[in-house]
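Notes for the one structure printed next.
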Amino acid sequence: MTAIARKRLPVVMRGYDRAQVDALLERITRALRGERTMAADEVRAARFDVVVRGYDRRAVEALLVECATELGGGPASGSGRPRRAVIEPASLVKWIHNIRFTGHRVRGGYDVRDVDAFLDRVIAGLQGAKPPLSPHDVRETKFPAVRLLPSYDEQEVDRFLAQLADALETH
């Protein structure tokens, strides 16, 4: 296990598979040391199995956002501002297709149909089938909360949409 994971990732009852996360973190560490190449898109597209006694999902996702920024960043020559990696539409589409949110029925959350329809709309824009949505459109999207219907965890969806808006800015 990498020192990054040991310091920053708490273990919870149901979380991301520790071996899978550790393997990715090791690859990221090697890339940051210059021992291998790795694109920020690879980090954003990573998906892990949910297991008993895994790493806290929110902590992993937050760490991966930081890692993707670091892999795609560094000062741009002469500007003093961090560079942003260019993200290909195909990578964004794959990332969106692979996202999995925690589902609820009784506790409530965002209606599965509304969230899925919105993500389908984002994909259609990325593929040119419809006008693309702007990062602002994604950030300003609001879903009504529902109860006793299939729903997604609100915080997970909101966090993903913030990451998606950031990714669209670099697209």
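Following the order of the structure tokens, chains are lettered A, B, ..., residues in each are numbered from 1, and ligands are numbered from 1.
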
Shell around region 88-92 of chain A at 9 Å using only C-alpha atoms, local window under 3 positions removed, as a short mmCIF file (atom, residue, chain, number, x, y, z; two decimals) with N, CA, C and O atoms, in the first residue's frame:
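Output saved as part_12.cif:
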```
data_model
loop_
_atom_site.label_atom_id
_atom_site.label_comp_id
_atom_site.auth_asym_id
_atom_site.auth_seq_id
_atom_site.Cartn_x
_atom_site.Cartn_y
_atom_site.Cartn_z
N ASP A 41 -6.91 11.61 -17.47
CA ASP A 41 -8.13 10.90 -17.88
C ASP A 41 -8.18 9.48 -17.35
O ASP A 41 -9.24 8.96 -17.03
N GLU A 42 -7.02 8.82 -17.26
CA GLU A 42 -6.98 7.46 -16.73
C GLU A 42 -7.43 7.44 -15.27
O GLU A 42 -8.10 6.51 -14.84
N ARG A 44 -9.43 9.73 -13.85
CA ARG A 44 -10.87 10.07 -13.81
C ARG A 44 -11.74 8.89 -14.22
O ARG A 44 -12.87 8.77 -13.77
N ALA A 45 -11.24 8.04 -15.10
CA ALA A 45 -12.03 6.92 -15.60
C ALA A 45 -11.97 5.68 -14.70
O ALA A 45 -12.69 4.72 -14.92
N TRP A 95 -16.23 7.84 -19.09
CA TRP A 95 -16.30 8.14 -17.66
C TRP A 95 -17.74 8.23 -17.19
O TRP A 95 -18.12 7.65 -16.17
N ILE A 96 -18.57 8.93 -17.96
CA ILE A 96 -19.99 9.07 -17.59
C ILE A 96 -20.69 7.71 -17.63
O ILE A 96 -21.47 7.38 -16.74
N HIS A 97 -20.42 6.93 -18.67
CA HIS A 97 -21.03 5.60 -18.77
C HIS A 97 -20.65 4.70 -17.60
O HIS A 97 -21.44 3.86 -17.17
N ILE A 123 -23.98 13.30 -22.66
CA ILE A 123 -23.31 12.42 -23.62
C ILE A 123 -23.69 12.79 -25.05
O ILE A 123 -22.84 12.86 -25.94
N LEU A 126 -21.71 15.73 -26.06
CA LEU A 126 -20.31 15.39 -26.31
C LEU A 126 -20.12 14.66 -27.63
O LEU A 126 -19.08 14.78 -28.28
N GLN A 127 -21.13 13.88 -28.02
CA GLN A 127 -21.04 13.12 -29.26
C GLN A 127 -21.54 13.89 -30.47
O GLN A 127 -21.51 13.38 -31.58
N LEU A 164 -17.56 16.73 -13.22
CA LEU A 164 -17.88 16.74 -14.65
C LEU A 164 -17.78 18.15 -15.20
O LEU A 164 -17.23 18.36 -16.29
N ALA A 167 -14.23 18.97 -15.67
CA ALA A 167 -13.70 18.25 -16.82
C ALA A 167 -14.16 18.89 -18.13
O ALA A 167 -13.40 18.98 -19.09
N LEU A 168 -15.40 19.37 -18.17
CA LEU A 168 -15.91 20.02 -19.39
C LEU A 168 -15.16 21.32 -19.67
O LEU A 168 -15.04 21.72 -20.84
N THR A 170 -12.06 21.74 -19.42
CA THR A 170 -10.79 21.39 -20.09
C THR A 170 -11.02 20.70 -21.42
O THR A 170 -10.08 20.38 -22.10
N HIS A 171 -12.26 20.44 -21.74
CA HIS A 171 -12.61 19.73 -22.98
C HIS A 171 -12.49 20.65 -24.16
O HIS A 171 -12.68 21.76 -24.23
#
```

Restrict the calculation to only C-alpha atoms, then for each residue of region 4-114 of chain A with any atom at most 12 Å from an atom of region 134-148 of chain A give the closest atom pair and their distance in Å to one decimal, rows by chain and rising residue number, as a Markdown table.
```
| residue | atom | partner | partner_atom | distance |
| --- | --- | --- | --- | --- |
| A:Gly103 | CA | A:Leu148 | CA | 11.6 |
| A:His104 | CA | A:Leu148 | CA | 8.5 |
| A:Arg105 | CA | A:Leu148 | CA | 5.1 |
| A:Val106 | CA | A:Leu148 | CA | 4.8 |
| A:Arg107 | CA | A:Arg147 | CA | 6.5 |
| A:Gly108 | CA | A:Arg147 | CA | 4.2 |
| A:Gly109 | CA | A:Ala145 | CA | 5.0 |
| A:Tyr110 | CA | A:Ala145 | CA | 4.8 |
| A:Asp111 | CA | A:Val146 | CA | 6.0 |
| A:Val112 | CA | A:Val146 | CA | 9.5 |
| A:Arg113 | CA | A:Phe143 | CA | 10.3 |
| A:Asp114 | CA | A:Phe143 | CA | 7.0 |
```

Return the single residue from A:Ala124, A:Ile99, A:Val12, A:Ala68 that is closest to Phe48 (chain A), with distances computed using only C-alpha atoms.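 For Phe48 (chain A), the nearest of the given residues is A:Ile99.
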
Using DSSP on the backbone coordinates, identify the residues of chain A assigned to alpha helix (DSSP H); present them as a PyMOL selection string. chain A and resi 3-8+18-32+40-44+57-72+89-98+112-126+135-140+154-170

Need the shell around Thr29 (chain A): protein/DNA/RNA residues with any atom at most 10 Å away, counting only C-alpha atoms. Skip same-chain ones fewer than 3 positions apart. Format as a PyMOL selection string? chain A and resi 2-4+23-26+32-36+38+67+71

Selection file, N, CA, C and O atoms, as a PDB file, in the first residue's frame:
```pdb
ATOM      1  N   THR A   2       0.468   2.259  -0.740  1.00  0.00           N
ATOM      2  CA  THR A   2       1.267   3.475  -0.812  1.00  0.00           C
ATOM      3  C   THR A   2       1.107   4.305   0.443  1.00  0.00           C
ATOM      4  O   THR A   2       0.133   4.180   1.174  1.00  0.00           O
ATOM      5  N   ALA A   3       2.066   5.172   0.671  1.00  0.00           N
ATOM      6  CA  ALA A   3       2.000   6.064   1.835  1.00  0.00           C
ATOM      7  C   ALA A   3       0.808   6.993   1.721  1.00  0.00           C
ATOM      8  O   ALA A   3       0.188   7.347   2.720  1.00  0.00           O
ATOM      9  N   ILE A   4       0.439   7.389   0.498  1.00  0.00           N
ATOM     10  CA  ILE A   4      -0.720   8.263   0.288  1.00  0.00           C
ATOM     11  C   ILE A   4      -1.968   7.589   0.844  1.00  0.00           C
ATOM     12  O   ILE A   4      -2.728   8.193   1.592  1.00  0.00           O
ATOM     13  N   ALA A  23      -3.441  -0.289  -6.118  1.00  0.00           N
ATOM     14  CA  ALA A  23      -2.747  -0.507  -7.390  1.00  0.00           C
ATOM     15  C   ALA A  23      -2.765   0.775  -8.233  1.00  0.00           C
ATOM     16  O   ALA A  23      -1.746   1.150  -8.820  1.00  0.00           O
ATOM     17  N   LEU A  24      -3.913   1.445  -8.278  1.00  0.00           N
ATOM     18  CA  LEU A  24      -3.985   2.694  -9.030  1.00  0.00           C
ATOM     19  C   LEU A  24      -3.099   3.763  -8.391  1.00  0.00           C
ATOM     20  O   LEU A  24      -2.383   4.484  -9.084  1.00  0.00           O
ATOM     21  N   LEU A  25      -3.144   3.868  -7.077  1.00  0.00           N
ATOM     22  CA  LEU A  25      -2.317   4.865  -6.399  1.00  0.00           C
ATOM     23  C   LEU A  25      -0.828   4.617  -6.622  1.00  0.00           C
ATOM     24  O   LEU A  25      -0.041   5.566  -6.751  1.00  0.00           O
ATOM     25  N   GLU A  26      -0.449   3.362  -6.700  1.00  0.00           N
ATOM     26  CA  GLU A  26       0.952   3.037  -6.979  1.00  0.00           C
ATOM     27  C   GLU A  26       1.326   3.495  -8.388  1.00  0.00           C
ATOM     28  O   GLU A  26       2.400   4.066  -8.597  1.00  0.00           O
ATOM     29  N   LEU A  32       3.923  10.295 -11.135  1.00  0.00           N
ATOM     30  CA  LEU A  32       4.330  11.586 -10.574  1.00  0.00           C
ATOM     31  C   LEU A  32       5.842  11.662 -10.367  1.00  0.00           C
ATOM     32  O   LEU A  32       6.420  12.743 -10.410  1.00  0.00           O
ATOM     33  N   ARG A  33       6.475  10.513 -10.163  1.00  0.00           N
ATOM     34  CA  ARG A  33       7.942  10.467 -10.037  1.00  0.00           C
ATOM     35  C   ARG A  33       8.627  10.471 -11.400  1.00  0.00           C
ATOM     36  O   ARG A  33       9.850  10.517 -11.481  1.00  0.00           O
ATOM     37  N   GLY A  34       7.838  10.354 -12.468  1.00  0.00           N
ATOM     38  CA  GLY A  34       8.406  10.337 -13.812  1.00  0.00           C
ATOM     39  C   GLY A  34       8.844   8.973 -14.275  1.00  0.00           C
ATOM     40  O   GLY A  34       9.496   8.842 -15.299  1.00  0.00           O
ATOM     41  N   GLU A  35       8.464   7.915 -13.550  1.00  0.00           N
ATOM     42  CA  GLU A  35       8.875   6.558 -13.901  1.00  0.00           C
ATOM     43  C   GLU A  35       7.993   5.947 -14.979  1.00  0.00           C
ATOM     44  O   GLU A  35       8.354   4.940 -15.577  1.00  0.00           O
ATOM     45  N   ARG A  36       6.826   6.509 -15.202  1.00  0.00           N
ATOM     46  CA  ARG A  36       5.913   6.019 -16.243  1.00  0.00           C
ATOM     47  C   ARG A  36       5.032   7.174 -16.652  1.00  0.00           C
ATOM     48  O   ARG A  36       4.992   8.197 -15.976  1.00  0.00           O
ATOM     49  N   MET A  38       1.179   8.640 -17.429  1.00  0.00           N
ATOM     50  CA  MET A  38      -0.210   8.394 -17.072  1.00  0.00           C
ATOM     51  C   MET A  38      -0.975   9.690 -17.281  1.00  0.00           C
ATOM     52  O   MET A  38      -0.536  10.753 -16.830  1.00  0.00           O
ATOM     53  N   CYS A  67      -5.211  13.916  -7.501  1.00  0.00           N
ATOM     54  CA  CYS A  67      -4.190  13.243  -8.310  1.00  0.00           C
ATOM     55  C   CYS A  67      -4.345  13.593  -9.786  1.00  0.00           C
ATOM     56  O   CYS A  67      -3.348  13.846 -10.476  1.00  0.00           O
ATOM     57  N   LEU A  71      -1.553  15.345 -12.061  1.00  0.00           N
ATOM     58  CA  LEU A  71      -1.040  14.703 -13.279  1.00  0.00           C
ATOM     59  C   LEU A  71      -1.218  15.605 -14.496  1.00  0.00           C
ATOM     60  O   LEU A  71      -0.369  15.620 -15.382  1.00  0.00           O
TER      61      LEU A  71
END
```

Among listed residues A:Ile28, A:Thr102, A:Glu169, A:Arg159, nearest Glu61 (chain A) (using only C-alpha atoms):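 Under the stated criterion, the closest residue is A:Arg159.
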
Mind pulling up the distance from CA of Leu133 (chain A) to CA of Ser151 (chain A)? 23.4 Å

Just the residues within 10 Å of Arg58 (chain A), please, counting only C-alpha atoms, with nothing from its chain fewer than 6 positions along; format it as a PDB file with all heavy atoms, in the first residue's frame.
```pdb
ATOM      1  N   LEU A   9      -6.770   7.565   3.550  1.00  0.00           N
ATOM      2  CA  LEU A   9      -7.957   6.805   3.192  1.00  0.00           C
ATOM      3  C   LEU A   9      -8.460   5.942   4.350  1.00  0.00           C
ATOM      4  O   LEU A   9      -7.884   4.908   4.643  1.00  0.00           O
ATOM      5  CB  LEU A   9      -7.680   5.931   1.966  1.00  0.00           C
ATOM      6  CG  LEU A   9      -7.330   6.708   0.704  1.00  0.00           C
ATOM      7  CD1 LEU A   9      -6.958   5.759  -0.406  1.00  0.00           C
ATOM      8  CD2 LEU A   9      -8.465   7.616   0.288  1.00  0.00           C
ATOM      9  N   PRO A  10      -9.554   6.344   4.966  1.00  0.00           N
ATOM     10  CA  PRO A  10     -10.118   5.531   6.039  1.00  0.00           C
ATOM     11  C   PRO A  10     -10.817   4.290   5.481  1.00  0.00           C
ATOM     12  O   PRO A  10     -11.338   4.305   4.373  1.00  0.00           O
ATOM     13  CB  PRO A  10     -11.114   6.475   6.715  1.00  0.00           C
ATOM     14  CG  PRO A  10     -11.449   7.496   5.676  1.00  0.00           C
ATOM     15  CD  PRO A  10     -10.253   7.614   4.787  1.00  0.00           C
ATOM     16  N   GLY A  15     -16.863  -0.089   1.171  1.00  0.00           N
ATOM     17  CA  GLY A  15     -16.083   0.910   0.449  1.00  0.00           C
ATOM     18  C   GLY A  15     -15.402   0.299  -0.754  1.00  0.00           C
ATOM     19  O   GLY A  15     -15.632  -0.858  -1.109  1.00  0.00           O
ATOM     20  N   TYR A  16     -14.544   1.092  -1.383  1.00  0.00           N
ATOM     21  CA  TYR A  16     -13.838   0.631  -2.574  1.00  0.00           C
ATOM     22  C   TYR A  16     -12.782  -0.404  -2.217  1.00  0.00           C
ATOM     23  O   TYR A  16     -12.104  -0.291  -1.202  1.00  0.00           O
ATOM     24  CB  TYR A  16     -13.174   1.801  -3.290  1.00  0.00           C
ATOM     25  CG  TYR A  16     -14.143   2.727  -3.989  1.00  0.00           C
ATOM     26  CD1 TYR A  16     -13.943   4.092  -3.971  1.00  0.00           C
ATOM     27  CD2 TYR A  16     -15.238   2.240  -4.691  1.00  0.00           C
ATOM     28  CE1 TYR A  16     -14.805   4.954  -4.624  1.00  0.00           C
ATOM     29  CE2 TYR A  16     -16.109   3.085  -5.340  1.00  0.00           C
ATOM     30  CZ  TYR A  16     -15.888   4.442  -5.311  1.00  0.00           C
ATOM     31  OH  TYR A  16     -16.744   5.293  -5.960  1.00  0.00           O
ATOM     32  N   LEU A  64      -8.516  11.142  -5.722  1.00  0.00           N
ATOM     33  CA  LEU A  64      -8.306  10.967  -7.157  1.00  0.00           C
ATOM     34  C   LEU A  64      -8.480  12.273  -7.926  1.00  0.00           C
ATOM     35  O   LEU A  64      -7.805  12.488  -8.931  1.00  0.00           O
ATOM     36  CB  LEU A  64      -9.221   9.876  -7.703  1.00  0.00           C
ATOM     37  CG  LEU A  64      -8.908   8.461  -7.207  1.00  0.00           C
ATOM     38  CD1 LEU A  64      -9.838   7.453  -7.849  1.00  0.00           C
ATOM     39  CD2 LEU A  64      -7.454   8.093  -7.428  1.00  0.00           C
ATOM     40  N   GLN A 155     -25.444  13.520  -2.490  1.00  0.00           N
ATOM     41  CA  GLN A 155     -24.074  14.035  -2.376  1.00  0.00           C
ATOM     42  C   GLN A 155     -23.157  13.433  -3.440  1.00  0.00           C
ATOM     43  O   GLN A 155     -22.313  14.129  -4.002  1.00  0.00           O
ATOM     44  CB  GLN A 155     -23.516  13.772  -0.984  1.00  0.00           C
ATOM     45  CG  GLN A 155     -24.190  14.600   0.080  1.00  0.00           C
ATOM     46  CD  GLN A 155     -23.644  14.304   1.464  1.00  0.00           C
ATOM     47  OE1 GLN A 155     -23.082  13.244   1.712  1.00  0.00           O
ATOM     48  NE2 GLN A 155     -23.800  15.253   2.369  1.00  0.00           N
ATOM     49  N   GLU A 156     -23.329  12.153  -3.729  1.00  0.00           N
ATOM     50  CA  GLU A 156     -22.506  11.520  -4.762  1.00  0.00           C
ATOM     51  C   GLU A 156     -22.779  12.149  -6.121  1.00  0.00           C
ATOM     52  O   GLU A 156     -21.852  12.422  -6.881  1.00  0.00           O
ATOM     53  CB  GLU A 156     -22.779  10.020  -4.826  1.00  0.00           C
ATOM     54  CG  GLU A 156     -22.215   9.230  -3.687  1.00  0.00           C
ATOM     55  CD  GLU A 156     -22.497   7.737  -3.811  1.00  0.00           C
ATOM     56  OE1 GLU A 156     -22.774   7.259  -4.932  1.00  0.00           O
ATOM     57  OE2 GLU A 156     -22.435   7.047  -2.781  1.00  0.00           O
ATOM     58  N   ARG A 159     -21.355  15.738  -6.240  1.00  0.00           N
ATOM     59  CA  ARG A 159     -19.896  15.699  -6.330  1.00  0.00           C
ATOM     60  C   ARG A 159     -19.467  15.324  -7.758  1.00  0.00           C
ATOM     61  O   ARG A 159     -18.558  15.926  -8.325  1.00  0.00           O
ATOM     62  CB  ARG A 159     -19.343  14.709  -5.305  1.00  0.00           C
ATOM     63  CG  ARG A 159     -17.901  14.881  -4.992  1.00  0.00           C
ATOM     64  CD  ARG A 159     -17.412  14.081  -3.786  1.00  0.00           C
ATOM     65  NE  ARG A 159     -18.058  12.800  -3.555  1.00  0.00           N
ATOM     66  CZ  ARG A 159     -18.998  12.580  -2.618  1.00  0.00           C
ATOM     67  NH1 ARG A 159     -19.382  13.527  -1.819  1.00  0.00           N
ATOM     68  NH2 ARG A 159     -19.532  11.385  -2.484  1.00  0.00           N
TER      69      ARG A 159
END
```
